[in-house]
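Colleague: Have a look at this one before I ask anything.
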Amino acid sequence: MTNSQPDPRWTEVDDYFTETIAPGDEVLTAALADSAAAGLPEIAVAPNQGKLLHLLALTQGAGNILEIGTLGGYSTIWLARALPADGRLITLEYDPAHAAVARANIARAGLDKLVEVRTGAALDSLPELDAEGAGPFDLVFIDADKVNNPRYVEWALKLSRPGTVIVVDNVVRGGRITTPHPEDPAITGTRELFDLVAREPRLEATAVQTVGTKGYDGLLLARVTS
Ligand code: SAH
Ligand code: DHB
Ligand code: MG
C-alpha cells in the first residue's frame, strides 16, 4: 500500500530537521541499508519520527517497551536506545525473514541483551506475553498490519498501567482514512480503532497528520488514564 508521494518540499524540510537536530549514526544507517539489501519494504519510520519515539520513551522513563511490527528493527533501535541498562523491549514480527534481519541489526547496535524479537503473528504472541506476566508496558508502539489495529489497542490496554502511552503509526494513509465507503481493510481497521478509542473511557487520545519523506500520513497518541 502506498501513500501519496511526498512533495519535494516535505522531503527537503525533513532532511533539514534530520541533519540539524535528529541525526542518525552508522548503526541506524546500516540497519536501513541491510534491510533494503535483504529486500525488506522501505517503510520504516523516518529518522525524525524515530527520534520522536526515542524522546517519548525517555519522557515516559520507559523501562518496559512493547513494539508490534518490527520489520528490520529500525524503530526498535530508536526506542531501545531510550531504555535504562536493566530495561527491556519486546518486539513482535510475523515474518521470520524480517525478524532475522532485525536481530542482526539489533545485535550490531549492542541492544540484543535488552531486546527480544518474537516471531509469529502478534495476535498469537500477545496472549503469550499476558500469560507470562510480561507487562505492564510503559510504552506501546503499534506499527504492524493495520487491519488488526483495534485488536492491538485492546491488547495494549490489557498489558498497560495508568500512564502507559500508546502510539499507532499510519492512521492517515494519504487521507484515505475518511473515504466514505472504504474497501481497504487497512482503512476499515483504522476506523474501528478510532471508534474503539472514542468509546474507551480508559484512554485519553489525539491524532496528528504528518507530512515528510514518508508522504502524507499521521499518528495516534493515547494515554491510559486508569
Ligand atoms: N516498526 C518498523 C516498521 C514495521 S513495518 C519501523 O518503523 O522500523 C510492519 C511490520 O509488521 C512488517 O515487518 C510486517 O511483516 C509486520 N507484520 C505484519 N503483520 C503482522 C502480524 N500479524 N503480526 C506481527 N507482525 C506483523
Ligand atoms: C506501510 C506500512 C507502514 O508501517 C508504514 O509506516 C508505511 C507504509 C505499508 O504497508 O505500506
Ligand atoms: Mg509504520
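Identifiers for the C-alpha cells are assigned positionally: chains receive A, B, ... in sequence, residues are indexed from 1 per chain, and ligands are indexed from 1 in the order shown.
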Kindly provide, as a PyMOL selection string, all nucleotide and amino acid residues lying within 8 Å of ligand 2, counting only C-alpha atoms and all ligand atoms.

Modeller: chain A and resi 1-3+43-45+69+143-146+169-170+173+214

Colleague: What does the file look like for those residues with C-alpha atoms, as a compact mmCIF listing (two decimals), in the first residue's frame?

Modeller:
```txt
# COMPACT_ATOMS: atom_id res chain seq x y z
CA MET A 1 0.00 0.00 0.00
CA THR A 2 1.41 3.39 -0.94
CA ASN A 3 0.78 6.81 0.50
CA ILE A 43 8.58 1.54 5.21
CA ALA A 44 10.47 2.10 8.47
CA VAL A 45 9.72 5.30 10.34
CA GLY A 69 5.68 -4.74 13.87
CA ASP A 143 3.05 -0.49 13.55
CA ALA A 144 2.08 -3.84 12.01
CA ASP A 145 -0.88 -4.99 9.87
CA LYS A 146 -3.33 -2.11 10.07
CA ASP A 169 1.59 4.68 13.20
CA ASN A 170 0.00 5.28 9.80
CA ARG A 173 -2.61 6.94 4.75
CA LYS A 214 7.04 9.18 4.03
```

Colleague: Return as a PyMOL selection string every polymer residue, whether protein, DNA or RNA, with at least one atom no more than 7 Å from an atom of ligand 1; count only C-alpha atoms and all ligand atoms.

Modeller: chain A and resi 43-45+68-76+92-95+98+120-123+143-145

Colleague: Find, counting only C-alpha atoms, the residue in A:Phe194, A:Ala36, A:Leu28, A:Leu56 that gets nearest to Ile77 of chain A.

Modeller: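 Using only C-alpha atoms, Ile77 of chain A sits closest to A:Leu28.
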
Colleague: Using DSSP secondary structure from the backbone, list all alpha helix (DSSP H) positions within chain A, as a PyMOL selection string.

Modeller: chain A and resi 8-21+26-37+47-60+74-80+96-108+122-132+149-158+185-199
